[in-house]
Amino acid sequence: RHQALLLDLPDGIEHFLGSTHGEGGDHHIAAPVEGPLDITGQLPHCVAPAFFMEPVAVGGFDHQIIGLLGPNGCGKTTLIKTMTGLIKDYEGHVFIDGEEPGVHTKSVIAYLPEKSYLPEWMRPKDAIKYFSDFYADFDSAKAEQMVKDFGLDMKQKIKTMSKGQQEKISLILVMCRRAKLYILDEPTTGLHFEDVRQLLAVLAKIADRGNTVIVIEHNLDVIKVADHIIDIGPDGGEGGGMVVAEGTVEQIAENQKSFTGHFLREKLQIEKK
């Protein structure tokens with residue numbers, strides 16, 4: 001069993017659209033076809049980040065929330081960007097739903113990058129219209145409701161929003177797609193306690209629908225709801241890039257070789273007191 005992750009939006013939404021053309025310059029991404037998600041891949045050597053990564057086997061888990069954890073610089077985001085096609089200088093292969101990363105894979109995967117990519121001139125209502133036109137699986141009504149639930153103004157420009165508000169808009173756009181696989185890179189950044197609670201409820205609903213959610217996160221509340229943890233490491237930089245451990249939160253916490261396990265042991269012991 002293998003896992004992969006999807007696209008990033010590095011230089012703004014226009015750059016993103018330019019990288020998702022179908023044949024003939026089509027800017028529209030079709031809705032995913034119903035059925036199980038098949039993801040396979042081996043990435044033995046990622047040249048761009050200058051460290052080796054062993055072949056990755058990280059699950060196609062339907063109905064589950066997967067936590068992708070590890071120390072800073074261990075390769076979590078590099079793994080995402082390699083599998084999405086943003087990093088092209090590597091040895092190995094990646095297939096998502098039987099195809100290499102491209103227009104089709106973007107129809108089955110919704111990805112939240114670590115940093116917001118929305119142009120400053122946009123307002124939430126503009127972003128919702130944009131995604132509705134671009135993704136056939138985008139639920140505009142749900143997005144508008146989530147904007148209200150998060151206490152945001154549909155007419156406020158992105159450039160006048162706080163970082164937390166911008167993160168909420170980006171999160172809403174991803175969560176309102178009906179994809180098969182959701183990849184979230186630090187989704188709790190800028191969120192308050194109640195916002196995190198709402199996020200956890202949405203993640204649970206997505207998983208209950210039979211979809212897979214992969215989360216890169218350091219927030220313990222999010223980590224604790226994960227059905228399965230993939231621990232990348234053991235260190236950062238050249239000392240990273242390997243799967244150190246897999247299992248439940250409790251199993252990772254018991255792993256003496258895992259720095260992530262040490263972190264979880266301390267946090268879980270504090271909560272028990």
# chains A, B, ... in the order shown; residues from 1 in each chain; ligands from 1
>>> closest_atom_pairs(of="segment 202-273 of chain A", to="segment 74-80 of chain A", cutoff="10 Å", atoms="only C-alpha atoms", output="tab-separated table")
residue	atom	partner	partner_atom	distance
A:Ile216	CA	A:Lys76	CA	7.4
A:Ile230	CA	A:Lys76	CA	10.0
A:Asp231	CA	A:Lys76	CA	9.3
A:Ile232	CA	A:Cys74	CA	6.3
A:Gly233	CA	A:Cys74	CA	5.2
A:Pro234	CA	A:Cys74	CA	7.3
A:Asp235	CA	A:Cys74	CA	5.9
A:Gly236	CA	A:Cys74	CA	4.0
A:Gly237	CA	A:Cys74	CA	5.7
A:Glu238	CA	A:Cys74	CA	8.0
A:Gly239	CA	A:Cys74	CA	7.3
A:Gly240	CA	A:Cys74	CA	4.3
A:Gly241	CA	A:Gly75	CA	5.2
A:Met242	CA	A:Cys74	CA	8.1
A:Val243	CA	A:Cys74	CA	10.0
>>> residues_around(residues="Ile214 of chain A", least_positions_apart="6", cutoff="9 Å", atoms="only C-alpha atoms", output="VMD selection string")
chain A and resid 5 64 to 68 181 to 185 226
>>> write_last_selection(atoms="N, CA, C and O atoms", output="mmCIF file, in the first residue's frame")
data_model
loop_
_atom_site.group_PDB
_atom_site.id
_atom_site.type_symbol
_atom_site.label_atom_id
_atom_site.label_comp_id
_atom_site.auth_asym_id
_atom_site.auth_seq_id
_atom_site.Cartn_x
_atom_site.Cartn_y
_atom_site.Cartn_z
ATOM 1 N N LEU A 5 0.472 12.537 -2.430
ATOM 2 C CA LEU A 5 -0.176 13.793 -2.155
ATOM 3 C C LEU A 5 -0.219 14.638 -3.412
ATOM 4 O O LEU A 5 0.375 14.296 -4.398
ATOM 5 N N GLN A 64 -10.419 7.120 6.628
ATOM 6 C CA GLN A 64 -9.472 7.370 7.707
ATOM 7 C C GLN A 64 -8.794 8.730 7.596
ATOM 8 O O GLN A 64 -8.681 9.305 6.516
ATOM 9 N N ILE A 65 -8.370 9.230 8.754
ATOM 10 C CA ILE A 65 -7.560 10.441 8.844
ATOM 11 C C ILE A 65 -6.131 10.003 9.141
ATOM 12 O O ILE A 65 -5.871 9.309 10.124
ATOM 13 N N ILE A 66 -5.207 10.393 8.270
ATOM 14 C CA ILE A 66 -3.813 9.992 8.385
ATOM 15 C C ILE A 66 -2.980 11.188 8.806
ATOM 16 O O ILE A 66 -3.042 12.250 8.171
ATOM 17 N N GLY A 67 -2.198 11.046 9.873
ATOM 18 C CA GLY A 67 -1.294 12.096 10.312
ATOM 19 C C GLY A 67 0.098 11.849 9.762
ATOM 20 O O GLY A 67 0.669 10.785 9.980
ATOM 21 N N LEU A 68 0.634 12.811 9.007
ATOM 22 C CA LEU A 68 1.999 12.728 8.485
ATOM 23 C C LEU A 68 2.857 13.640 9.358
ATOM 24 O O LEU A 68 2.786 14.860 9.263
ATOM 25 N N LEU A 181 -9.241 12.409 -1.950
ATOM 26 C CA LEU A 181 -8.111 12.506 -1.040
ATOM 27 C C LEU A 181 -7.871 13.975 -0.708
ATOM 28 O O LEU A 181 -7.733 14.815 -1.598
ATOM 29 N N TYR A 182 -7.846 14.290 0.584
ATOM 30 C CA TYR A 182 -7.620 15.653 1.049
ATOM 31 C C TYR A 182 -6.266 15.718 1.741
ATOM 32 O O TYR A 182 -5.989 14.926 2.647
ATOM 33 N N ILE A 183 -5.415 16.656 1.310
ATOM 34 C CA ILE A 183 -4.093 16.829 1.888
ATOM 35 C C ILE A 183 -4.024 18.218 2.521
ATOM 36 O O ILE A 183 -4.179 19.231 1.834
ATOM 37 N N LEU A 184 -3.775 18.276 3.803
ATOM 38 C CA LEU A 184 -3.777 19.542 4.524
ATOM 39 C C LEU A 184 -2.425 19.748 5.195
ATOM 40 O O LEU A 184 -2.025 18.956 6.049
ATOM 41 N N ASP A 185 -1.734 20.814 4.822
ATOM 42 C CA ASP A 185 -0.419 21.128 5.382
ATOM 43 C C ASP A 185 -0.589 22.214 6.445
ATOM 44 O O ASP A 185 -0.826 23.371 6.129
ATOM 45 N N ALA A 226 -6.371 11.310 14.547
ATOM 46 C CA ALA A 226 -5.866 10.535 13.404
ATOM 47 C C ALA A 226 -6.044 9.041 13.667
ATOM 48 O O ALA A 226 -5.772 8.549 14.761
#
>>> residues_around(residues="Ile206 of chain A", least_positions_apart="4", cutoff="12 Å", atoms="only C-alpha atoms", output="MDAnalysis selection string")
chainID A and resid 62:65 110 174:183 199:202 210:214
>>> residues_around(residues="segment 120-122 of chain A", least_positions_apart="4", cutoff="10 Å", atoms="only C-alpha atoms", output="PyMOL selection string")
chain A and resi 12+126-128+130+155-161+166
>>> write_last_selection(atoms="all heavy atoms", output="JSON list (two decimals), in the first residue's frame")
[["chain", "number", "residue", "atom", "x", "y", "z"],
["A", 12, "GLY", "N", 0.75, 31.92, -6.68],
["A", 12, "GLY", "CA", -0.52, 32.58, -6.87],
["A", 12, "GLY", "C", -1.44, 31.76, -7.75],
["A", 12, "GLY", "O", -1.05, 30.82, -8.42],
["A", 126, "ASP", "N", -15.33, 36.14, -4.56],
["A", 126, "ASP", "CA", -14.59, 35.96, -5.81],
["A", 126, "ASP", "C", -13.91, 34.59, -5.85],
["A", 126, "ASP", "O", -13.93, 33.90, -6.87],
["A", 126, "ASP", "CB", -13.53, 37.05, -5.96],
["A", 126, "ASP", "CG", -14.11, 38.44, -5.99],
["A", 126, "ASP", "OD1", -15.18, 38.62, -6.60],
["A", 126, "ASP", "OD2", -13.51, 39.35, -5.39],
["A", 127, "ALA", "N", -13.30, 34.22, -4.71],
["A", 127, "ALA", "CA", -12.60, 32.94, -4.64],
["A", 127, "ALA", "C", -13.57, 31.77, -4.81],
["A", 127, "ALA", "O", -13.27, 30.78, -5.49],
["A", 127, "ALA", "CB", -11.87, 32.83, -3.31],
["A", 128, "ILE", "N", -14.74, 31.89, -4.21],
["A", 128, "ILE", "CA", -15.75, 30.83, -4.34],
["A", 128, "ILE", "C", -16.20, 30.71, -5.79],
["A", 128, "ILE", "O", -16.33, 29.60, -6.33],
["A", 128, "ILE", "CB", -16.95, 31.13, -3.41],
["A", 128, "ILE", "CG1", -16.53, 30.94, -1.94],
["A", 128, "ILE", "CG2", -18.14, 30.23, -3.75],
["A", 128, "ILE", "CD1", -17.57, 31.37, -0.95],
["A", 130, "TYR", "N", -14.49, 31.55, -8.41],
["A", 130, "TYR", "CA", -13.33, 31.05, -9.14],
["A", 130, "TYR", "C", -13.24, 29.54, -9.04],
["A", 130, "TYR", "O", -13.07, 28.83, -10.04],
["A", 130, "TYR", "CB", -12.08, 31.69, -8.55],
["A", 130, "TYR", "CG", -10.97, 31.95, -9.54],
["A", 130, "TYR", "CD1", -11.00, 33.07, -10.35],
["A", 130, "TYR", "CD2", -9.89, 31.07, -9.64],
["A", 130, "TYR", "CE1", -9.97, 33.32, -11.25],
["A", 130, "TYR", "CE2", -8.87, 31.33, -10.53],
["A", 130, "TYR", "CZ", -8.90, 32.44, -11.33],
["A", 130, "TYR", "OH", -7.89, 32.70, -12.21],
["A", 155, "LYS", "N", -17.39, 40.04, 1.38],
["A", 155, "LYS", "CA", -16.97, 41.15, 0.52],
["A", 155, "LYS", "C", -15.64, 41.77, 0.94],
["A", 155, "LYS", "O", -15.19, 42.73, 0.32],
["A", 155, "LYS", "CB", -18.06, 42.23, 0.51],
["A", 155, "LYS", "CG", -19.39, 41.75, -0.09],
["A", 155, "LYS", "CD", -20.42, 42.86, -0.10],
["A", 155, "LYS", "CE", -21.74, 42.38, -0.70],
["A", 155, "LYS", "NZ", -22.76, 43.46, -0.72],
["A", 156, "GLN", "N", -15.00, 41.23, 1.97],
["A", 156, "GLN", "CA", -13.73, 41.79, 2.43],
["A", 156, "GLN", "C", -12.58, 41.30, 1.57],
["A", 156, "GLN", "O", -12.46, 40.11, 1.28],
["A", 156, "GLN", "CB", -13.47, 41.40, 3.89],
["A", 156, "GLN", "CG", -12.20, 42.01, 4.46],
["A", 156, "GLN", "CD", -11.97, 41.64, 5.92],
["A", 156, "GLN", "OE1", -12.79, 40.93, 6.52],
["A", 156, "GLN", "NE2", -10.88, 42.09, 6.48],
["A", 157, "LYS", "N", -11.70, 42.19, 1.14],
["A", 157, "LYS", "CA", -10.57, 41.81, 0.30],
["A", 157, "LYS", "C", -9.53, 41.05, 1.11],
["A", 157, "LYS", "O", -9.31, 41.32, 2.29],
["A", 157, "LYS", "CB", -9.94, 43.04, -0.35],
["A", 157, "LYS", "CG", -10.81, 43.68, -1.42],
["A", 157, "LYS", "CD", -10.07, 44.80, -2.14],
["A", 157, "LYS", "CE", -10.93, 45.37, -3.26],
["A", 157, "LYS", "NZ", -10.23, 46.45, -4.01],
["A", 158, "ILE", "N", -8.88, 40.10, 0.45],
["A", 158, "ILE", "CA", -7.87, 39.26, 1.09],
["A", 158, "ILE", "C", -6.77, 40.12, 1.73],
["A", 158, "ILE", "O", -6.31, 39.83, 2.85],
["A", 158, "ILE", "CB", -7.24, 38.29, 0.07],
["A", 158, "ILE", "CG1", -8.29, 37.33, -0.49],
["A", 158, "ILE", "CG2", -6.08, 37.51, 0.70],
["A", 158, "ILE", "CD1", -8.89, 36.38, 0.50],
["A", 159, "LYS", "N", -6.36, 41.19, 1.05],
["A", 159, "LYS", "CA", -5.24, 41.99, 1.54],
["A", 159, "LYS", "C", -5.55, 42.70, 2.85],
["A", 159, "LYS", "O", -4.63, 43.10, 3.57],
["A", 159, "LYS", "CB", -4.81, 43.01, 0.48],
["A", 159, "LYS", "CG", -5.81, 44.12, 0.21],
["A", 159, "LYS", "CD", -5.26, 45.10, -0.82],
["A", 159, "LYS", "CE", -6.23, 46.24, -1.10],
["A", 159, "LYS", "NZ", -5.68, 47.18, -2.10],
["A", 160, "THR", "N", -6.83, 42.86, 3.20],
["A", 160, "THR", "CA", -7.19, 43.52, 4.45],
["A", 160, "THR", "C", -7.46, 42.51, 5.57],
["A", 160, "THR", "O", -7.76, 42.90, 6.69],
["A", 160, "THR", "CB", -8.43, 44.40, 4.26],
["A", 160, "THR", "OG1", -9.58, 43.57, 3.97],
["A", 160, "THR", "CG2", -8.22, 45.40, 3.13],
["A", 161, "MET", "N", -7.36, 41.23, 5.27],
["A", 161, "MET", "CA", -7.62, 40.19, 6.26],
["A", 161, "MET", "C", -6.37, 39.88, 7.08],
["A", 161, "MET", "O", -5.24, 40.06, 6.62],
["A", 161, "MET", "CB", -8.10, 38.90, 5.58],
["A", 161, "MET", "CG", -9.45, 38.98, 4.94],
["A", 161, "MET", "SD", -9.93, 37.37, 4.24],
["A", 161, "MET", "CE", -11.59, 37.73, 3.70],
["A", 166, "GLN", "N", -7.13, 34.73, 6.35],
["A", 166, "GLN", "CA", -6.71, 34.23, 5.04],
["A", 166, "GLN", "C", -6.59, 32.71, 5.05],
["A", 166, "GLN", "O", -6.98, 32.05, 4.08],
["A", 166, "GLN", "CB", -5.38, 34.87, 4.65],
["A", 166, "GLN", "CG", -5.45, 36.35, 4.38],
["A", 166, "GLN", "CD", -4.11, 36.95, 4.00],
["A", 166, "GLN", "OE1", -3.19, 36.25, 3.59],
["A", 166, "GLN", "NE2", -3.98, 38.25, 4.15]]
>>> closest_residue(among="A:Arg123, A:Ile96, A:Asp227, A:Leu152", to="Ile109 of chain A", atoms="only C-alpha atoms")
A:Ile96
>>> select_by_dssp(residues="segment 77-155 of chain A", states="helix (DSSP H, G or I)", output="ChimeraX atom specification")
/A:77-84,103-108,124-134,140-149
>>> write_last_selection(atoms="N, CA, C and O atoms", output="short mmCIF file (atom, residue, chain, number, x, y, z; two decimals), in the first residue's frame")
data_model
loop_
_atom_site.label_atom_id
_atom_site.label_comp_id
_atom_site.auth_asym_id
_atom_site.auth_seq_id
_atom_site.Cartn_x
_atom_site.Cartn_y
_atom_site.Cartn_z
N THR A 77 6.87 17.99 3.51
CA THR A 77 6.43 18.83 2.40
C THR A 77 7.14 18.46 1.11
O THR A 77 6.56 18.53 0.02
N THR A 78 8.39 18.03 1.21
CA THR A 78 9.11 17.55 0.03
C THR A 78 8.41 16.35 -0.58
O THR A 78 8.27 16.24 -1.80
N LEU A 79 7.94 15.45 0.27
CA LEU A 79 7.19 14.29 -0.21
C LEU A 79 5.93 14.74 -0.96
O LEU A 79 5.63 14.25 -2.05
N ILE A 80 5.24 15.71 -0.40
CA ILE A 80 4.03 16.23 -1.05
C ILE A 80 4.37 16.82 -2.42
O ILE A 80 3.75 16.51 -3.43
N LYS A 81 5.37 17.68 -2.44
CA LYS A 81 5.69 18.38 -3.68
C LYS A 81 6.24 17.45 -4.75
O LYS A 81 6.01 17.67 -5.94
N THR A 82 6.95 16.41 -4.34
CA THR A 82 7.43 15.43 -5.32
C THR A 82 6.27 14.68 -5.93
O THR A 82 6.19 14.50 -7.15
N MET A 83 5.34 14.27 -5.09
CA MET A 83 4.21 13.50 -5.59
C MET A 83 3.23 14.35 -6.39
O MET A 83 2.46 13.83 -7.20
N THR A 84 3.25 15.64 -6.20
CA THR A 84 2.36 16.51 -6.96
C THR A 84 2.98 16.98 -8.25
O THR A 84 2.31 17.63 -9.06
N VAL A 103 -3.58 16.59 -14.65
CA VAL A 103 -4.96 17.07 -14.58
C VAL A 103 -5.88 16.07 -13.90
O VAL A 103 -6.71 16.44 -13.05
N HIS A 104 -5.73 14.77 -14.23
CA HIS A 104 -6.62 13.77 -13.62
C HIS A 104 -6.43 13.69 -12.11
O HIS A 104 -7.39 13.64 -11.35
N THR A 105 -5.17 13.68 -11.65
CA THR A 105 -4.94 13.55 -10.21
C THR A 105 -5.49 14.74 -9.45
O THR A 105 -5.89 14.63 -8.29
N LYS A 106 -5.54 15.90 -10.10
CA LYS A 106 -6.09 17.08 -9.44
C LYS A 106 -7.60 16.99 -9.30
O LYS A 106 -8.21 17.75 -8.55
N SER A 107 -8.21 16.06 -10.02
CA SER A 107 -9.65 15.86 -9.88
C SER A 107 -9.98 14.96 -8.69
O SER A 107 -11.13 14.94 -8.25
N VAL A 108 -9.01 14.24 -8.18
CA VAL A 108 -9.28 13.33 -7.06
C VAL A 108 -8.65 13.82 -5.76
O VAL A 108 -8.93 13.27 -4.70
N PRO A 124 -13.74 36.72 -0.58
CA PRO A 124 -14.24 35.35 -0.47
C PRO A 124 -15.24 34.99 -1.57
O PRO A 124 -15.19 33.89 -2.13
N LYS A 125 -16.12 35.92 -1.91
CA LYS A 125 -17.11 35.61 -2.94
C LYS A 125 -16.44 35.41 -4.31
O LYS A 125 -16.91 34.61 -5.12
N ASP A 126 -15.33 36.14 -4.56
CA ASP A 126 -14.59 35.96 -5.81
C ASP A 126 -13.91 34.59 -5.85
O ASP A 126 -13.93 33.90 -6.87
N ALA A 127 -13.30 34.22 -4.71
CA ALA A 127 -12.60 32.94 -4.64
C ALA A 127 -13.57 31.77 -4.81
O ALA A 127 -13.27 30.78 -5.49
N ILE A 128 -14.74 31.89 -4.21
CA ILE A 128 -15.75 30.83 -4.34
C ILE A 128 -16.20 30.71 -5.79
O ILE A 128 -16.33 29.60 -6.33
N LYS A 129 -16.44 31.84 -6.45
CA LYS A 129 -16.83 31.82 -7.86
C LYS A 129 -15.71 31.19 -8.71
O LYS A 129 -15.98 30.40 -9.62
N TYR A 130 -14.49 31.55 -8.41
CA TYR A 130 -13.33 31.05 -9.14
C TYR A 130 -13.24 29.54 -9.04
O TYR A 130 -13.07 28.83 -10.04
N PHE A 131 -13.33 29.01 -7.81
CA PHE A 131 -13.23 27.57 -7.60
C PHE A 131 -14.44 26.84 -8.18
O PHE A 131 -14.33 25.72 -8.69
N SER A 132 -15.61 27.46 -8.12
CA SER A 132 -16.81 26.85 -8.67
C SER A 132 -16.68 26.68 -10.19
O SER A 132 -17.11 25.67 -10.75
N ASP A 133 -16.09 27.68 -10.85
CA ASP A 133 -15.89 27.60 -12.29
C ASP A 133 -14.81 26.59 -12.65
O ASP A 133 -14.86 25.96 -13.72
N PHE A 134 -13.84 26.44 -11.77
CA PHE A 134 -12.66 25.63 -12.08
C PHE A 134 -12.84 24.16 -11.75
O PHE A 134 -12.41 23.28 -12.50
N SER A 140 -20.44 25.35 -3.85
CA SER A 140 -20.49 26.78 -3.55
C SER A 140 -21.37 27.09 -2.34
O SER A 140 -21.01 27.93 -1.50
N ALA A 141 -22.51 26.43 -2.24
CA ALA A 141 -23.42 26.69 -1.12
C ALA A 141 -22.76 26.34 0.21
O ALA A 141 -22.89 27.08 1.20
N LYS A 142 -22.06 25.23 0.23
CA LYS A 142 -21.35 24.83 1.45
C LYS A 142 -20.26 25.84 1.80
O LYS A 142 -20.08 26.19 2.97
N ALA A 143 -19.56 26.32 0.78
CA ALA A 143 -18.49 27.29 1.01
C ALA A 143 -19.06 28.59 1.60
O ALA A 143 -18.49 29.16 2.54
N GLU A 144 -20.17 29.05 1.05
CA GLU A 144 -20.78 30.28 1.56
C GLU A 144 -21.22 30.11 3.01
O GLU A 144 -21.07 31.03 3.83
N GLN A 145 -21.73 28.93 3.35
CA GLN A 145 -22.15 28.67 4.72
C GLN A 145 -20.95 28.63 5.66
O GLN A 145 -21.00 29.15 6.78
N MET A 146 -19.84 28.02 5.20
CA MET A 146 -18.65 27.94 6.04
C MET A 146 -18.05 29.32 6.26
O MET A 146 -17.50 29.60 7.35
N VAL A 147 -18.13 30.20 5.27
CA VAL A 147 -17.65 31.58 5.44
C VAL A 147 -18.42 32.25 6.59
O VAL A 147 -17.83 32.93 7.44
N LYS A 148 -19.72 32.03 6.64
CA LYS A 148 -20.54 32.58 7.73
C LYS A 148 -20.19 31.93 9.05
O LYS A 148 -20.07 32.60 10.08
N ASP A 149 -20.03 30.59 9.04
CA ASP A 149 -19.72 29.86 10.28
C ASP A 149 -18.40 30.31 10.89
O ASP A 149 -18.24 30.33 12.12
#
>>> closest_residue(among="A:Gln198, A:Thr260, A:Ser116, A:Ser162", to="Leu220 of chain A", atoms="only C-alpha atoms")
A:Thr260
>>> atom_distance(atom1="atom CA of Asp195 of chain A", atom2="atom CA of Phe263 of chain A")
24.0 Å
>>> select_by_dssp(residues="segment 165-209 of chain A", states="strand (DSSP E or B)", output="JSON, numbers by chain")
{"A": [177, 181, 182, 183, 184, 185]}
>>> decode(residues="segment 109-130 of chain A", atoms="N, CA, C and O atoms", output="PDB file, in the first residue's frame")
ATOM      1  N   ILE A 109      -7.814  14.841  -5.828  1.00  0.00           N
ATOM      2  CA  ILE A 109      -7.114  15.315  -4.639  1.00  0.00           C
ATOM      3  C   ILE A 109      -7.354  16.803  -4.426  1.00  0.00           C
ATOM      4  O   ILE A 109      -7.260  17.607  -5.343  1.00  0.00           O
ATOM      5  N   ALA A 110      -7.649  17.168  -3.186  1.00  0.00           N
ATOM      6  CA  ALA A 110      -7.763  18.572  -2.783  1.00  0.00           C
ATOM      7  C   ALA A 110      -6.627  18.856  -1.814  1.00  0.00           C
ATOM      8  O   ALA A 110      -6.484  18.149  -0.813  1.00  0.00           O
ATOM      9  N   TYR A 111      -5.832  19.880  -2.090  1.00  0.00           N
ATOM     10  CA  TYR A 111      -4.632  20.136  -1.312  1.00  0.00           C
ATOM     11  C   TYR A 111      -4.616  21.544  -0.726  1.00  0.00           C
ATOM     12  O   TYR A 111      -4.855  22.524  -1.433  1.00  0.00           O
ATOM     13  N   LEU A 112      -4.350  21.631   0.567  1.00  0.00           N
ATOM     14  CA  LEU A 112      -4.178  22.908   1.242  1.00  0.00           C
ATOM     15  C   LEU A 112      -2.694  23.124   1.517  1.00  0.00           C
ATOM     16  O   LEU A 112      -2.109  22.446   2.361  1.00  0.00           O
ATOM     17  N   PRO A 113      -2.049  24.057   0.802  1.00  0.00           N
ATOM     18  CA  PRO A 113      -0.634  24.325   1.051  1.00  0.00           C
ATOM     19  C   PRO A 113      -0.439  25.066   2.375  1.00  0.00           C
ATOM     20  O   PRO A 113      -1.393  25.590   2.950  1.00  0.00           O
ATOM     21  N   GLU A 114       0.795  25.117   2.811  1.00  0.00           N
ATOM     22  CA  GLU A 114       1.100  25.751   4.095  1.00  0.00           C
ATOM     23  C   GLU A 114       0.839  27.249   4.060  1.00  0.00           C
ATOM     24  O   GLU A 114       0.417  27.845   5.054  1.00  0.00           O
ATOM     25  N   LYS A 115       1.074  27.889   2.914  1.00  0.00           N
ATOM     26  CA  LYS A 115       0.891  29.330   2.793  1.00  0.00           C
ATOM     27  C   LYS A 115      -0.242  29.654   1.823  1.00  0.00           C
ATOM     28  O   LYS A 115      -0.441  28.966   0.839  1.00  0.00           O
ATOM     29  N   SER A 116      -0.965  30.719   2.101  1.00  0.00           N
ATOM     30  CA  SER A 116      -2.060  31.135   1.234  1.00  0.00           C
ATOM     31  C   SER A 116      -1.532  31.562  -0.133  1.00  0.00           C
ATOM     32  O   SER A 116      -0.488  32.204  -0.240  1.00  0.00           O
ATOM     33  N   TYR A 117      -2.267  31.227  -1.176  1.00  0.00           N
ATOM     34  CA  TYR A 117      -1.870  31.543  -2.547  1.00  0.00           C
ATOM     35  C   TYR A 117      -2.855  32.498  -3.212  1.00  0.00           C
ATOM     36  O   TYR A 117      -2.707  32.842  -4.378  1.00  0.00           O
ATOM     37  N   LEU A 118      -3.864  32.946  -2.490  1.00  0.00           N
ATOM     38  CA  LEU A 118      -4.917  33.765  -3.096  1.00  0.00           C
ATOM     39  C   LEU A 118      -4.435  35.186  -3.352  1.00  0.00           C
ATOM     40  O   LEU A 118      -3.769  35.791  -2.503  1.00  0.00           O
ATOM     41  N   PRO A 119      -4.753  35.770  -4.509  1.00  0.00           N
ATOM     42  CA  PRO A 119      -4.374  37.154  -4.810  1.00  0.00           C
ATOM     43  C   PRO A 119      -5.005  38.120  -3.813  1.00  0.00           C
ATOM     44  O   PRO A 119      -6.127  37.905  -3.348  1.00  0.00           O
ATOM     45  N   GLU A 120      -4.298  39.198  -3.508  1.00  0.00           N
ATOM     46  CA  GLU A 120      -4.772  40.147  -2.502  1.00  0.00           C
ATOM     47  C   GLU A 120      -6.066  40.847  -2.900  1.00  0.00           C
ATOM     48  O   GLU A 120      -6.831  41.282  -2.040  1.00  0.00           O
ATOM     49  N   TRP A 121      -6.306  40.972  -4.200  1.00  0.00           N
ATOM     50  CA  TRP A 121      -7.496  41.704  -4.641  1.00  0.00           C
ATOM     51  C   TRP A 121      -8.773  40.879  -4.478  1.00  0.00           C
ATOM     52  O   TRP A 121      -9.885  41.433  -4.491  1.00  0.00           O
ATOM     53  N   MET A 122      -8.637  39.583  -4.300  1.00  0.00           N
ATOM     54  CA  MET A 122      -9.812  38.721  -4.214  1.00  0.00           C
ATOM     55  C   MET A 122     -10.579  38.932  -2.914  1.00  0.00           C
ATOM     56  O   MET A 122     -10.014  39.290  -1.880  1.00  0.00           O
ATOM     57  N   ARG A 123     -11.873  38.672  -2.987  1.00  0.00           N
ATOM     58  CA  ARG A 123     -12.727  38.581  -1.819  1.00  0.00           C
ATOM     59  C   ARG A 123     -13.224  37.143  -1.726  1.00  0.00           C
ATOM     60  O   ARG A 123     -13.159  36.403  -2.710  1.00  0.00           O
ATOM     61  N   PRO A 124     -13.739  36.716  -0.576  1.00  0.00           N
ATOM     62  CA  PRO A 124     -14.242  35.347  -0.471  1.00  0.00           C
ATOM     63  C   PRO A 124     -15.239  34.985  -1.572  1.00  0.00           C
ATOM     64  O   PRO A 124     -15.192  33.890  -2.128  1.00  0.00           O
ATOM     65  N   LYS A 125     -16.120  35.922  -1.912  1.00  0.00           N
ATOM     66  CA  LYS A 125     -17.109  35.607  -2.943  1.00  0.00           C
ATOM     67  C   LYS A 125     -16.444  35.411  -4.309  1.00  0.00           C
ATOM     68  O   LYS A 125     -16.911  34.614  -5.124  1.00  0.00           O
ATOM     69  N   ASP A 126     -15.329  36.138  -4.562  1.00  0.00           N
ATOM     70  CA  ASP A 126     -14.591  35.960  -5.810  1.00  0.00           C
ATOM     71  C   ASP A 126     -13.912  34.591  -5.848  1.00  0.00           C
ATOM     72  O   ASP A 126     -13.927  33.905  -6.874  1.00  0.00           O
ATOM     73  N   ALA A 127     -13.303  34.218  -4.714  1.00  0.00           N
ATOM     74  CA  ALA A 127     -12.602  32.941  -4.640  1.00  0.00           C
ATOM     75  C   ALA A 127     -13.570  31.773  -4.813  1.00  0.00           C
ATOM     76  O   ALA A 127     -13.267  30.784  -5.489  1.00  0.00           O
ATOM     77  N   ILE A 128     -14.741  31.889  -4.211  1.00  0.00           N
ATOM     78  CA  ILE A 128     -15.748  30.833  -4.341  1.00  0.00           C
ATOM     79  C   ILE A 128     -16.202  30.712  -5.792  1.00  0.00           C
ATOM     80  O   ILE A 128     -16.334  29.601  -6.328  1.00  0.00           O
ATOM     81  N   LYS A 129     -16.435  31.838  -6.449  1.00  0.00           N
ATOM     82  CA  LYS A 129     -16.825  31.825  -7.865  1.00  0.00           C
ATOM     83  C   LYS A 129     -15.712  31.192  -8.715  1.00  0.00           C
ATOM     84  O   LYS A 129     -15.977  30.395  -9.623  1.00  0.00           O
ATOM     85  N   TYR A 130     -14.486  31.550  -8.407  1.00  0.00           N
ATOM     86  CA  TYR A 130     -13.325  31.046  -9.144  1.00  0.00           C
ATOM     87  C   TYR A 130     -13.238  29.535  -9.042  1.00  0.00           C
ATOM     88  O   TYR A 130     -13.074  28.828 -10.045  1.00  0.00           O
TER      89      TYR A 130
END
